[in-house]
$ cat work_37.cif   # mmCIF, C-alpha atoms, pLDDT in the B column; chains and numbers go by the auth columns
data_final
loop_
_atom_site.group_PDB
_atom_site.id
_atom_site.type_symbol
_atom_site.label_atom_id
_atom_site.label_comp_id
_atom_site.label_asym_id
_atom_site.label_seq_id
_atom_site.Cartn_x
_atom_site.Cartn_y
_atom_site.Cartn_z
_atom_site.B_iso_or_equiv
_atom_site.auth_seq_id
_atom_site.auth_asym_id
ATOM 1 C CA MET A 1 18.749 -7.577 -29.742 69.00 259 A
ATOM 2 C CA SER A 2 20.625 -10.699 -28.636 74.00 260 A
ATOM 3 C CA THR A 3 19.326 -13.087 -25.994 80.00 261 A
ATOM 4 C CA MET A 4 22.045 -12.021 -23.560 85.00 262 A
ATOM 5 C CA GLY A 5 21.124 -8.421 -24.172 84.00 263 A
ATOM 6 C CA GLN A 6 17.492 -9.165 -23.373 90.00 264 A
ATOM 7 C CA VAL A 7 18.480 -10.931 -20.151 93.00 265 A
ATOM 8 C CA PHE A 8 20.589 -7.956 -19.091 94.00 266 A
ATOM 9 C CA VAL A 9 17.761 -5.532 -19.874 95.00 267 A
ATOM 10 C CA PHE A 10 15.255 -7.690 -17.971 96.00 268 A
ATOM 11 C CA VAL A 11 17.475 -7.740 -14.879 96.00 269 A
ATOM 12 C CA PHE A 12 17.978 -3.994 -15.091 96.00 270 A
ATOM 13 C CA GLY A 13 14.227 -3.485 -15.410 97.00 271 A
ATOM 14 C CA ALA A 14 13.611 -5.717 -12.391 96.00 272 A
ATOM 15 C CA VAL A 15 16.076 -3.622 -10.361 96.00 273 A
ATOM 16 C CA ILE A 16 14.179 -0.471 -11.356 96.00 274 A
ATOM 17 C CA GLY A 17 10.952 -2.258 -10.435 96.00 275 A
ATOM 18 C CA SER A 18 12.367 -3.001 -6.992 93.00 276 A
ATOM 19 C CA PHE A 19 13.182 0.678 -6.562 93.00 277 A
ATOM 20 C CA LEU A 20 9.689 1.553 -7.786 95.00 278 A
ATOM 21 C CA ASN A 21 8.214 -0.586 -5.001 93.00 279 A
ATOM 22 C CA ALA A 22 10.066 1.532 -2.457 91.00 280 A
ATOM 23 C CA VAL A 23 8.972 4.761 -4.163 93.00 281 A
ATOM 24 C CA LEU A 24 5.327 3.680 -4.130 93.00 282 A
ATOM 25 C CA TRP A 25 5.405 2.978 -0.404 90.00 283 A
ATOM 26 C CA ARG A 26 7.249 6.167 0.490 90.00 284 A
ATOM 27 C CA LEU A 27 5.023 8.358 -1.630 91.00 285 A
ATOM 28 C CA ARG A 28 2.145 7.008 0.417 89.00 286 A
ATOM 29 C CA THR A 29 3.901 7.558 3.763 85.00 287 A
ATOM 30 C CA LYS A 30 5.426 10.874 2.573 83.00 288 A
ATOM 31 C CA GLU A 31 8.943 9.672 3.354 83.00 289 A
ATOM 32 C CA SER A 32 12.006 10.428 1.262 79.00 290 A
ATOM 33 C CA PHE A 33 12.786 7.686 -1.254 75.00 291 A
ATOM 34 C CA ILE A 34 16.289 9.085 -1.755 75.00 292 A
ATOM 35 C CA PHE A 35 17.487 8.796 1.826 73.00 293 A
ATOM 36 C CA GLY A 36 16.886 6.108 4.437 75.00 294 A
ATOM 37 C CA ARG A 37 17.248 2.327 4.441 81.00 295 A
ATOM 38 C CA SER A 38 14.541 0.022 3.150 83.00 296 A
ATOM 39 C CA TYR A 39 12.460 -1.675 5.840 85.00 297 A
ATOM 40 C CA CYS A 40 9.613 -4.154 6.214 84.00 298 A
ATOM 41 C CA PRO A 41 6.319 -2.185 6.169 83.00 299 A
ATOM 42 C CA GLN A 42 4.883 -4.485 8.859 85.00 300 A
ATOM 43 C CA CYS A 43 7.632 -4.935 11.469 88.00 301 A
ATOM 44 C CA ARG A 44 9.749 -1.973 10.251 84.00 302 A
ATOM 45 C CA HIS A 45 12.953 -3.971 10.569 87.00 303 A
ATOM 46 C CA GLU A 46 15.689 -2.652 8.284 87.00 304 A
ATOM 47 C CA LEU A 47 16.311 -4.934 5.326 85.00 305 A
ATOM 48 C CA ALA A 48 19.752 -6.292 4.505 86.00 306 A
ATOM 49 C CA ALA A 49 21.153 -6.333 0.980 86.00 307 A
ATOM 50 C CA VAL A 50 20.337 -10.039 0.694 87.00 308 A
ATOM 51 C CA ASP A 51 16.658 -9.196 1.257 87.00 309 A
ATOM 52 C CA LEU A 52 16.565 -6.739 -1.634 87.00 310 A
ATOM 53 C CA VAL A 53 17.690 -8.802 -4.625 91.00 311 A
ATOM 54 C CA PRO A 54 14.879 -8.356 -7.185 92.00 312 A
ATOM 55 C CA ILE A 55 12.685 -11.424 -7.740 94.00 313 A
ATOM 56 C CA ILE A 56 15.216 -13.835 -6.179 94.00 314 A
ATOM 57 C CA SER A 57 14.830 -12.545 -2.595 93.00 315 A
ATOM 58 C CA TYR A 58 11.056 -12.826 -2.761 92.00 316 A
ATOM 59 C CA LEU A 59 11.237 -16.404 -4.038 93.00 317 A
ATOM 60 C CA MET A 60 13.971 -17.473 -1.611 92.00 318 A
ATOM 61 C CA LEU A 61 12.037 -16.053 1.338 90.00 319 A
ATOM 62 C CA GLY A 62 8.834 -17.726 0.234 92.00 320 A
ATOM 63 C CA GLY A 63 7.029 -14.405 0.032 90.00 321 A
ATOM 64 C CA LYS A 64 7.553 -13.670 3.733 92.00 322 A
ATOM 65 C CA CYS A 65 9.614 -11.178 5.714 89.00 323 A
ATOM 66 C CA ARG A 66 12.829 -12.744 7.011 88.00 324 A
ATOM 67 C CA TYR A 67 12.339 -11.086 10.420 90.00 325 A
ATOM 68 C CA CYS A 68 8.640 -11.075 11.302 91.00 326 A
ATOM 69 C CA LYS A 69 7.586 -13.923 8.965 89.00 327 A
ATOM 70 C CA LYS A 70 4.523 -11.996 7.826 91.00 328 A
ATOM 71 C CA PRO A 71 3.495 -12.293 4.152 91.00 329 A
ATOM 72 C CA ILE A 72 4.932 -9.854 1.616 89.00 330 A
ATOM 73 C CA SER A 73 2.386 -8.697 -0.951 90.00 331 A
ATOM 74 C CA PRO A 74 2.769 -10.536 -4.280 93.00 332 A
ATOM 75 C CA SER A 75 2.502 -7.121 -5.940 94.00 333 A
ATOM 76 C CA TYR A 76 6.174 -6.537 -5.073 94.00 334 A
ATOM 77 C CA LEU A 77 7.191 -9.517 -7.179 95.00 335 A
ATOM 78 C CA ALA A 78 4.676 -8.664 -9.905 96.00 336 A
ATOM 79 C CA ILE A 79 6.007 -5.122 -10.316 96.00 337 A
ATOM 80 C CA GLU A 80 9.585 -6.365 -10.642 97.00 338 A
ATOM 81 C CA LEU A 81 8.584 -8.953 -13.251 97.00 339 A
ATOM 82 C CA ILE A 82 6.392 -6.526 -15.185 97.00 340 A
ATOM 83 C CA MET A 83 9.038 -3.817 -15.202 97.00 341 A
ATOM 84 C CA GLY A 84 11.646 -6.260 -16.451 97.00 342 A
ATOM 85 C CA ALA A 85 9.329 -7.442 -19.234 97.00 343 A
ATOM 86 C CA LEU A 86 8.358 -3.906 -20.244 97.00 344 A
ATOM 87 C CA PHE A 87 11.990 -2.837 -20.432 97.00 345 A
ATOM 88 C CA VAL A 88 12.713 -5.768 -22.766 96.00 346 A
ATOM 89 C CA LEU A 89 9.705 -4.959 -24.970 95.00 347 A
ATOM 90 C CA SER A 90 10.786 -1.329 -25.131 95.00 348 A
ATOM 91 C CA ALA A 91 14.344 -2.295 -26.097 93.00 349 A
ATOM 92 C CA LEU A 92 13.021 -4.604 -28.813 92.00 350 A
ATOM 93 C CA ALA A 93 10.855 -1.789 -30.160 90.00 351 A
ATOM 94 C CA VAL A 94 13.849 0.558 -30.396 88.00 352 A
ATOM 95 C CA PHE A 95 16.366 -2.105 -31.470 82.00 353 A
ATOM 96 C CA PRO A 96 14.307 -4.731 -33.329 74.00 354 A
ATOM 97 C CA SER A 97 17.319 -6.449 -34.890 61.00 355 A
ATOM 98 C CA ALA A 98 20.112 -8.326 -33.132 51.00 356 A
ATOM 99 C CA VAL A 99 22.652 -5.706 -34.175 50.00 357 A
ATOM 100 C CA ALA A 100 21.364 -2.142 -34.409 52.00 358 A
ATOM 101 C CA ALA A 101 22.718 -0.043 -37.265 51.00 359 A
ATOM 102 C CA ASP A 102 23.396 2.887 -34.978 60.00 360 A
ATOM 103 C CA PRO A 103 23.013 2.006 -31.260 64.00 361 A
ATOM 104 C CA ALA A 104 24.145 5.445 -30.129 66.00 362 A
ATOM 105 C CA ALA A 105 21.269 7.091 -31.980 68.00 363 A
ATOM 106 C CA GLY A 106 18.634 4.856 -30.380 83.00 364 A
ATOM 107 C CA LEU A 107 20.004 4.856 -26.825 89.00 365 A
ATOM 108 C CA PRO A 108 18.640 8.308 -25.797 91.00 366 A
ATOM 109 C CA ARG A 109 15.205 7.275 -27.073 92.00 367 A
ATOM 110 C CA LEU A 110 15.392 4.012 -25.149 94.00 368 A
ATOM 111 C CA LEU A 111 16.456 5.687 -21.907 95.00 369 A
ATOM 112 C CA LEU A 112 13.566 8.145 -22.189 96.00 370 A
ATOM 113 C CA ASP A 113 11.114 5.319 -22.907 96.00 371 A
ATOM 114 C CA TRP A 114 12.330 3.436 -19.838 97.00 372 A
ATOM 115 C CA TYR A 115 11.820 6.531 -17.703 97.00 373 A
ATOM 116 C CA LEU A 116 8.316 7.071 -19.095 98.00 374 A
ATOM 117 C CA ILE A 117 7.379 3.421 -18.556 98.00 375 A
ATOM 118 C CA ALA A 118 8.557 3.594 -14.937 97.00 376 A
ATOM 119 C CA VAL A 119 6.467 6.700 -14.237 97.00 377 A
ATOM 120 C CA PHE A 120 3.387 5.343 -15.987 97.00 378 A
ATOM 121 C CA LEU A 121 3.634 2.082 -14.040 97.00 379 A
ATOM 122 C CA LEU A 122 4.032 4.048 -10.809 97.00 380 A
ATOM 123 C CA VAL A 123 0.851 6.029 -11.603 97.00 381 A
ATOM 124 C CA PHE A 124 -0.932 2.804 -12.574 96.00 382 A
ATOM 125 C CA VAL A 125 -0.197 1.059 -9.281 96.00 383 A
ATOM 126 C CA PHE A 126 -0.681 4.093 -7.027 95.00 384 A
ATOM 127 C CA ASP A 127 -4.084 4.901 -8.505 94.00 385 A
ATOM 128 C CA LEU A 128 -5.110 1.236 -8.389 93.00 386 A
ATOM 129 C CA ARG A 129 -4.161 0.988 -4.708 92.00 387 A
ATOM 130 C CA TYR A 130 -5.146 4.384 -3.370 91.00 388 A
ATOM 131 C CA MET A 131 -7.447 5.985 -6.014 90.00 389 A
ATOM 132 C CA MET A 132 -5.041 8.929 -6.275 92.00 390 A
ATOM 133 C CA ILE A 133 -2.943 10.473 -9.053 94.00 391 A
ATOM 134 C CA LEU A 134 -0.181 12.555 -7.522 94.00 392 A
ATOM 135 C CA ARG A 135 0.513 15.921 -9.139 93.00 393 A
ATOM 136 C CA SER A 136 3.958 15.812 -7.520 93.00 394 A
ATOM 137 C CA VAL A 137 4.714 12.870 -9.835 95.00 395 A
ATOM 138 C CA THR A 138 2.976 13.819 -13.084 96.00 396 A
ATOM 139 C CA LEU A 139 3.956 17.502 -13.351 96.00 397 A
ATOM 140 C CA PRO A 140 7.753 17.042 -13.103 96.00 398 A
ATOM 141 C CA ALA A 141 7.478 14.002 -15.376 97.00 399 A
ATOM 142 C CA ALA A 142 5.534 16.044 -17.938 97.00 400 A
ATOM 143 C CA ALA A 143 8.166 18.786 -17.945 97.00 401 A
ATOM 144 C CA LEU A 144 11.012 16.299 -18.370 97.00 402 A
ATOM 145 C CA ALA A 145 9.179 14.364 -21.105 97.00 403 A
ATOM 146 C CA PHE A 146 8.420 17.550 -23.029 97.00 404 A
ATOM 147 C CA LEU A 147 12.023 18.791 -22.933 97.00 405 A
ATOM 148 C CA ALA A 148 13.472 15.351 -23.706 97.00 406 A
ATOM 149 C CA ASN A 149 11.172 14.781 -26.689 96.00 407 A
ATOM 150 C CA LEU A 150 12.023 18.250 -27.949 96.00 408 A
ATOM 151 C CA ALA A 151 15.739 17.450 -27.656 94.00 409 A
ATOM 152 C CA LEU A 152 15.165 14.190 -29.559 93.00 410 A
ATOM 153 C CA GLY A 153 13.748 16.064 -32.522 91.00 411 A
ATOM 154 C CA GLN A 154 9.998 16.122 -32.027 93.00 412 A
ATOM 155 C CA SER A 155 8.174 19.205 -33.266 94.00 413 A
ATOM 156 C CA LEU A 156 7.621 21.907 -30.657 96.00 414 A
ATOM 157 C CA TRP A 157 4.127 22.682 -31.912 95.00 415 A
ATOM 158 C CA ALA A 158 3.170 19.000 -32.117 95.00 416 A
ATOM 159 C CA LEU A 159 4.224 18.550 -28.485 96.00 417 A
ATOM 160 C CA ILE A 160 2.342 21.682 -27.414 96.00 418 A
ATOM 161 C CA LEU A 161 -0.766 20.454 -29.264 97.00 419 A
ATOM 162 C CA ALA A 162 -0.531 16.986 -27.700 96.00 420 A
ATOM 163 C CA ALA A 163 -0.038 18.382 -24.179 96.00 421 A
ATOM 164 C CA ALA A 164 -2.891 20.844 -24.649 96.00 422 A
ATOM 165 C CA VAL A 165 -5.248 18.134 -25.926 96.00 423 A
ATOM 166 C CA GLY A 166 -4.326 15.723 -23.138 95.00 424 A
ATOM 167 C CA CYS A 167 -4.731 18.343 -20.445 95.00 425 A
ATOM 168 C CA GLY A 168 -7.675 20.223 -21.984 94.00 426 A
ATOM 169 C CA PHE A 169 -9.716 17.083 -22.626 93.00 427 A
ATOM 170 C CA PHE A 170 -9.823 16.248 -18.933 93.00 428 A
ATOM 171 C CA TYR A 171 -10.008 19.841 -17.738 93.00 429 A
ATOM 172 C CA LEU A 172 -13.185 20.335 -19.794 92.00 430 A
ATOM 173 C CA GLN A 173 -14.715 17.240 -18.188 90.00 431 A
ATOM 174 C CA LEU A 174 -13.676 18.461 -14.742 89.00 432 A
ATOM 175 C CA ILE A 175 -15.419 21.805 -15.306 91.00 433 A
ATOM 176 C CA LEU A 176 -18.566 20.387 -16.905 89.00 434 A
ATOM 177 C CA SER A 177 -19.046 17.743 -14.205 82.00 435 A
ATOM 178 C CA HIS A 178 -17.946 19.919 -11.273 78.00 436 A
ATOM 179 C CA GLY A 179 -15.477 17.190 -10.364 73.00 437 A
ATOM 180 C CA LYS A 180 -18.021 14.335 -10.440 76.00 438 A
ATOM 181 C CA TRP A 181 -16.664 12.514 -13.511 76.00 439 A
ATOM 182 C CA ILE A 182 -12.940 12.854 -12.963 82.00 440 A
ATOM 183 C CA GLY A 183 -10.501 14.357 -10.475 82.00 441 A
ATOM 184 C CA GLY A 184 -7.831 16.983 -10.872 84.00 442 A
ATOM 185 C CA GLY A 185 -5.169 14.296 -11.026 89.00 443 A
ATOM 186 C CA ASP A 186 -6.506 13.130 -14.403 92.00 444 A
ATOM 187 C CA VAL A 187 -5.920 16.605 -15.829 94.00 445 A
ATOM 188 C CA TRP A 188 -2.221 16.556 -14.980 95.00 446 A
ATOM 189 C CA LEU A 189 -1.902 12.931 -16.083 96.00 447 A
ATOM 190 C CA GLY A 190 -3.391 13.981 -19.420 96.00 448 A
ATOM 191 C CA LEU A 191 -0.739 16.689 -19.664 96.00 449 A
ATOM 192 C CA PHE A 192 1.968 14.115 -18.978 97.00 450 A
ATOM 193 C CA ILE A 193 0.582 11.686 -21.554 97.00 451 A
ATOM 194 C CA GLY A 194 0.535 14.410 -24.186 97.00 452 A
ATOM 195 C CA ALA A 195 4.099 15.483 -23.417 97.00 453 A
ATOM 196 C CA ALA A 196 5.282 11.863 -23.366 97.00 454 A
ATOM 197 C CA LEU A 197 3.552 10.523 -26.480 96.00 455 A
ATOM 198 C CA GLY A 198 3.269 13.601 -28.659 94.00 456 A
ATOM 199 C CA TRP A 199 0.868 13.875 -31.571 93.00 457 A
ATOM 200 C CA PRO A 200 -1.076 11.748 -32.513 91.00 458 A
ATOM 201 C CA GLY A 201 0.055 9.346 -29.777 94.00 459 A
ATOM 202 C CA VAL A 202 -2.050 11.126 -27.180 95.00 460 A
ATOM 203 C CA LEU A 203 -5.211 10.403 -29.207 94.00 461 A
ATOM 204 C CA ILE A 204 -4.336 6.713 -29.495 93.00 462 A
ATOM 205 C CA ALA A 205 -3.803 6.454 -25.734 95.00 463 A
ATOM 206 C CA LEU A 206 -7.074 8.235 -24.920 95.00 464 A
ATOM 207 C CA PHE A 207 -8.983 5.987 -27.311 92.00 465 A
ATOM 208 C CA ILE A 208 -7.502 2.800 -25.831 93.00 466 A
ATOM 209 C CA ALA A 209 -8.078 4.003 -22.261 93.00 467 A
ATOM 210 C CA TYR A 210 -11.752 4.804 -22.806 91.00 468 A
ATOM 211 C CA VAL A 211 -12.503 1.625 -24.736 91.00 469 A
ATOM 212 C CA SER A 212 -10.777 -0.587 -22.148 91.00 470 A
ATOM 213 C CA GLY A 213 -12.260 1.382 -19.249 87.00 471 A
ATOM 214 C CA ALA A 214 -15.766 1.032 -20.691 88.00 472 A
ATOM 215 C CA ALA A 215 -15.278 -2.699 -21.283 90.00 473 A
ATOM 216 C CA VAL A 216 -14.085 -3.296 -17.717 87.00 474 A
ATOM 217 C CA GLY A 217 -16.828 -1.066 -16.290 82.00 475 A
ATOM 218 C CA VAL A 218 -19.598 -2.874 -18.181 84.00 476 A
ATOM 219 C CA THR A 219 -18.169 -6.253 -17.159 85.00 477 A
ATOM 220 C CA LEU A 220 -18.067 -5.264 -13.478 82.00 478 A
ATOM 221 C CA LEU A 221 -21.642 -3.962 -13.688 80.00 479 A
ATOM 222 C CA ALA A 222 -22.812 -7.206 -15.296 83.00 480 A
ATOM 223 C CA MET A 223 -21.072 -9.192 -12.543 80.00 481 A
ATOM 224 C CA LYS A 224 -22.614 -6.850 -9.948 74.00 482 A
ATOM 225 C CA LYS A 225 -19.145 -6.014 -8.601 75.00 483 A
ATOM 226 C CA LYS A 226 -19.791 -2.304 -9.177 72.00 484 A
ATOM 227 C CA THR A 227 -22.785 0.028 -9.453 69.00 485 A
ATOM 228 C CA LEU A 228 -23.312 3.075 -11.657 60.00 486 A
ATOM 229 C CA GLN A 229 -22.245 5.216 -8.702 63.00 487 A
ATOM 230 C CA SER A 230 -18.974 3.327 -8.183 67.00 488 A
ATOM 231 C CA GLN A 231 -15.661 4.907 -9.108 73.00 489 A
ATOM 232 C CA LEU A 232 -12.983 3.264 -11.212 78.00 490 A
ATOM 233 C CA PRO A 233 -9.304 4.224 -10.915 85.00 491 A
ATOM 234 C CA PHE A 234 -9.182 5.654 -14.437 89.00 492 A
ATOM 235 C CA GLY A 235 -5.531 6.580 -14.052 91.00 493 A
ATOM 236 C CA THR A 236 -4.772 2.861 -14.304 94.00 494 A
ATOM 237 C CA PHE A 237 -6.436 2.644 -17.727 94.00 495 A
ATOM 238 C CA LEU A 238 -4.749 5.827 -18.912 95.00 496 A
ATOM 239 C CA SER A 239 -1.327 4.654 -17.751 96.00 497 A
ATOM 240 C CA ALA A 240 -1.694 1.191 -19.291 96.00 498 A
ATOM 241 C CA ALA A 241 -2.908 2.737 -22.554 96.00 499 A
ATOM 242 C CA ALA A 242 0.032 5.159 -22.542 97.00 500 A
ATOM 243 C CA ILE A 243 2.534 2.309 -22.117 97.00 501 A
ATOM 244 C CA LEU A 244 0.874 0.327 -24.915 96.00 502 A
ATOM 245 C CA THR A 245 0.964 3.386 -27.176 95.00 503 A
ATOM 246 C CA LEU A 246 4.575 4.098 -26.297 95.00 504 A
ATOM 247 C CA LEU A 247 5.538 0.568 -27.315 94.00 505 A
ATOM 248 C CA TYR A 248 3.269 -0.009 -30.308 91.00 506 A
ATOM 249 C CA GLY A 249 1.604 3.302 -31.208 84.00 507 A
ATOM 250 C CA PRO A 250 2.482 3.418 -34.936 79.00 508 A
ATOM 251 C CA ARG A 251 1.530 -0.261 -35.404 82.00 509 A
ATOM 252 C CA LEU A 252 -1.783 0.277 -33.644 80.00 510 A
ATOM 253 C CA LEU A 253 -2.500 3.303 -35.815 76.00 511 A
ATOM 254 C CA ASP A 254 -1.688 1.375 -39.007 75.00 512 A
ATOM 255 C CA TRP A 255 -3.856 -1.533 -37.823 72.00 513 A
ATOM 256 C CA TYR A 256 -6.794 0.799 -37.066 63.00 514 A
ATOM 257 C CA PHE A 257 -6.653 2.568 -40.425 62.00 515 A
ATOM 258 C CA GLY A 258 -6.344 -0.818 -42.093 69.00 516 A
ATOM 259 C CA LEU A 259 -9.696 -1.757 -40.592 62.00 517 A
ATOM 260 C CA ILE A 260 -11.589 1.367 -41.631 60.00 518 A
ATOM 261 C CA LEU A 261 -10.030 2.054 -45.029 55.00 519 A
#
$ encode --input "work_37.cif" --output "structure tokens"
Amino acid sequence: MSTMGQVFVFVFGAVIGSFLNAVLWRLRTKESFIFGRSYCPQCRHELAAVDLVPIISYLMLGGKCRYCKKPISPSYLAIELIMGALFVLSALAVFPSAVAADPAAGLPRLLLDWYLIAVFLLVFVFDLRYMMILRSVTLPAAALAFLANLALGQSLWALILAAAVGCGFFYLQLILSHGKWIGGGDVWLGLFIGAALGWPGVLIALFIAYVSGAAVGVTLLAMKKKTLQSQLPFGTFLSAAAILTLLYGPRLLDWYFGLIL
């Protein structure tokens, strides 16, 4: 992919990240993110178009609302930057060369990957902020991912197996622990991960999530930031692992088998 192409993709990703910021807020307040003008969460003043330019508006305003002058969370800027970067990485994974042999064949895959990345990042941030994984987000996303992957040529039975493993793995933990280890949201996120990544991608994502989650948990315990009774937003680890697997799953699998064989 050319440099200009990467710039275009980054800008497009940042625009989607800006929209994702609005979705995150309105999911929390239970407002429609389809209708209604954007507004400052603190003074509730409607925002003009000049206030909504991804990245640039935040920098030009110095991280403050134009109207009430109160600080805007840096997470708004971070999400726009991260989404832009992830979109570029995804495009490079699908179109690794400057000129793709058959762009039309890779475009549906790329569009699906962008959609999946956006949903996984949404789950990541929402669970990190509010310790919640919304079924209203993961269930429709799982259905769309399953049908889209099927349309793109993935095996029906491989997708069913991946979705069943992702969902069943967490459902078993939910039953055995009576809801003490994980919540119901993890079950539906597992279903989504399976439908999105297929087989054996779901196993790679689960492995990465548990290893990274354990590492962070042990570190926080050692630093006395958490106790054994503390909860971690595990949806954040699952979502990050799913994005990593979506981008580099086959390479990670080859690397792992290279270590053990």
$ closest_residue --input "work_37.cif" --among "A:Ile501, A:Ser260, A:Met341, A:Pro366" --to "Ala409 of chain A" --atoms "only C-alpha atoms"
A:Pro366
$ atom_distance --input "work_37.cif" --atom1 "atom CA of Trp457 of chain A" --atom2 "atom CA of Trp415 of chain A"
9.4 Å
$ resolve_selection --input "work_37.cif" --expression "the PyMOL selection byres ((chain A and resi 328) around 12)" --output "short mmCIF file (atom, residue, chain, number, x, y, z; two decimals) with C-alpha atoms, in the frame of the given file"
data_model
loop_
_atom_site.label_atom_id
_atom_site.label_comp_id
_atom_site.auth_asym_id
_atom_site.auth_seq_id
_atom_site.Cartn_x
_atom_site.Cartn_y
_atom_site.Cartn_z
CA CYS A 298 9.61 -4.15 6.21
CA PRO A 299 6.32 -2.18 6.17
CA GLN A 300 4.88 -4.49 8.86
CA CYS A 301 7.63 -4.93 11.47
CA ARG A 302 9.75 -1.97 10.25
CA HIS A 303 12.95 -3.97 10.57
CA LEU A 319 12.04 -16.05 1.34
CA GLY A 320 8.83 -17.73 0.23
CA GLY A 321 7.03 -14.40 0.03
CA LYS A 322 7.55 -13.67 3.73
CA CYS A 323 9.61 -11.18 5.71
CA ARG A 324 12.83 -12.74 7.01
CA TYR A 325 12.34 -11.09 10.42
CA CYS A 326 8.64 -11.08 11.30
CA LYS A 327 7.59 -13.92 8.96
CA PRO A 329 3.50 -12.29 4.15
CA ILE A 330 4.93 -9.85 1.62
CA SER A 331 2.39 -8.70 -0.95
#
$ axis_aligned_box --input "work_37.cif" --around "segment 318-335 of chain A" --padding-each-side "5 Å" --output "lines of an AutoDock Vina configuration file"
center_x = 8.2
center_y = -12.1
center_z = 2.1
size_x = 21.6
size_y = 21.2
size_z = 28.5
$ residues_around --input "work_37.cif" --residues "Met390 of chain A" --least-positions-apart "4" --cutoff "9 Å" --atoms "all atoms listed in the file" --output "MDAnalysis selection string"
chainID A and resid 381 384:386 441 443 491 493
$ atom_distance --input "work_37.cif" --atom1 "atom CA of Leu478 of chain A" --atom2 "atom CA of Leu278 of chain A"
29.1 Å
$ residues_around --input "work_37.cif" --residues "Tyr429 of chain A" --least-positions-apart "5" --cutoff "12 Å" --atoms "only C-alpha atoms" --output "list in words"
Ala421, Ala422, Val423, Gly424, Leu434, Ser435, His436, Gly437, Trp439, Ile440, Gly441, Gly442, Gly443, Asp444, Val445, Trp446, Leu447, Gly448 and Leu449 of chain A
$ closest_residue --input "work_37.cif" --among "A:Gln412, A:Ser348, A:Thr494, A:Gln489" --to "Val267 of chain A" --atoms "all atoms listed in the file"
A:Ser348
$ resolve_selection --input "work_37.cif" --expression "the PyMOL selection byres ((chain A and resi 393-401) around 8)" --output "number ranges by chain"
A: 374, 377, 391-392, 402-405, 443, 446-447, 449-451, 453-454
$ atom_distance --input "work_37.cif" --atom1 "atom CA of Asn407 of chain A" --atom2 "atom CA of Leu368 of chain A"
11.7 Å
$ residues_around --input "work_37.cif" --residues "Ser276 of chain A" --least-positions-apart "5" --cutoff "9 Å" --atoms "all atoms listed in the file" --output "VMD selection string"
chain A and resid 271 281 310 to 313 334 to 335 337 to 338 341
$ resolve_selection --input "work_37.cif" --expression "the PyMOL selection byres ((chain A and resi 498) around 9)" --output "list in words"
Phe378, Leu379, Phe382, Ala463, Ile466, Ala467, Gly493, Thr494, Phe495, Leu496, Ser497, Ala499, Ala500, Ile501, Leu502 and Thr503 of chain A
$ closest_residue --input "work_37.cif" --among "A:Tyr388, A:Phe277, A:Tyr316, A:Phe293" --to "Ala376 of chain A" --atoms "only C-alpha atoms"
A:Phe277
$ closest_residue --input "work_37.cif" --among "A:Gly426, A:Gly456, A:Pro354, A:Gly275" --to "Leu414 of chain A" --atoms "all atoms listed in the file"
A:Gly456
$ build_atoms --input "work_37.cif" --residues "segment 436-447 of chain A" --atoms "N, CA and C atoms" --output "mmCIF file, in the coordinates of the input"
data_model
loop_
_atom_site.group_PDB
_atom_site.id
_atom_site.type_symbol
_atom_site.label_atom_id
_atom_site.label_comp_id
_atom_site.auth_asym_id
_atom_site.auth_seq_id
_atom_site.Cartn_x
_atom_site.Cartn_y
_atom_site.Cartn_z
ATOM 1 N N HIS A 436 -18.229 19.397 -12.611
ATOM 2 C CA HIS A 436 -17.946 19.919 -11.273
ATOM 3 C C HIS A 436 -17.201 18.888 -10.423
ATOM 4 N N GLY A 437 -16.304 18.157 -11.076
ATOM 5 C CA GLY A 437 -15.477 17.190 -10.364
ATOM 6 C C GLY A 437 -16.129 15.848 -10.109
ATOM 7 N N LYS A 438 -17.328 15.596 -10.686
ATOM 8 C CA LYS A 438 -18.021 14.335 -10.440
ATOM 9 C C LYS A 438 -17.533 13.213 -11.352
ATOM 10 N N TRP A 439 -17.090 13.547 -12.563
ATOM 11 C CA TRP A 439 -16.664 12.514 -13.511
ATOM 12 C C TRP A 439 -15.216 12.105 -13.286
ATOM 13 N N ILE A 440 -14.370 13.099 -13.123
ATOM 14 C CA ILE A 440 -12.940 12.854 -12.963
ATOM 15 C C ILE A 440 -12.394 13.783 -11.881
ATOM 16 N N GLY A 441 -11.155 13.509 -11.455
ATOM 17 C CA GLY A 441 -10.501 14.357 -10.475
ATOM 18 C C GLY A 441 -9.419 15.214 -11.127
ATOM 19 N N GLY A 442 -8.878 16.117 -10.354
ATOM 20 C CA GLY A 442 -7.831 16.983 -10.872
ATOM 21 C C GLY A 442 -6.589 16.228 -11.295
ATOM 22 N N GLY A 443 -6.350 15.078 -10.671
ATOM 23 C CA GLY A 443 -5.169 14.296 -11.026
ATOM 24 C C GLY A 443 -5.193 13.838 -12.470
ATOM 25 N N ASP A 444 -6.391 13.563 -13.006
ATOM 26 C CA ASP A 444 -6.506 13.130 -14.403
ATOM 27 C C ASP A 444 -6.069 14.230 -15.361
ATOM 28 N N VAL A 445 -6.312 15.471 -14.979
ATOM 29 C CA VAL A 445 -5.920 16.605 -15.829
ATOM 30 C C VAL A 445 -4.408 16.633 -16.005
ATOM 31 N N TRP A 446 -3.687 16.491 -14.905
ATOM 32 C CA TRP A 446 -2.221 16.556 -14.980
ATOM 33 C C TRP A 446 -1.647 15.289 -15.582
ATOM 34 N N LEU A 447 -2.333 14.155 -15.408
ATOM 35 C CA LEU A 447 -1.902 12.931 -16.083
ATOM 36 C C LEU A 447 -2.085 13.073 -17.589
#
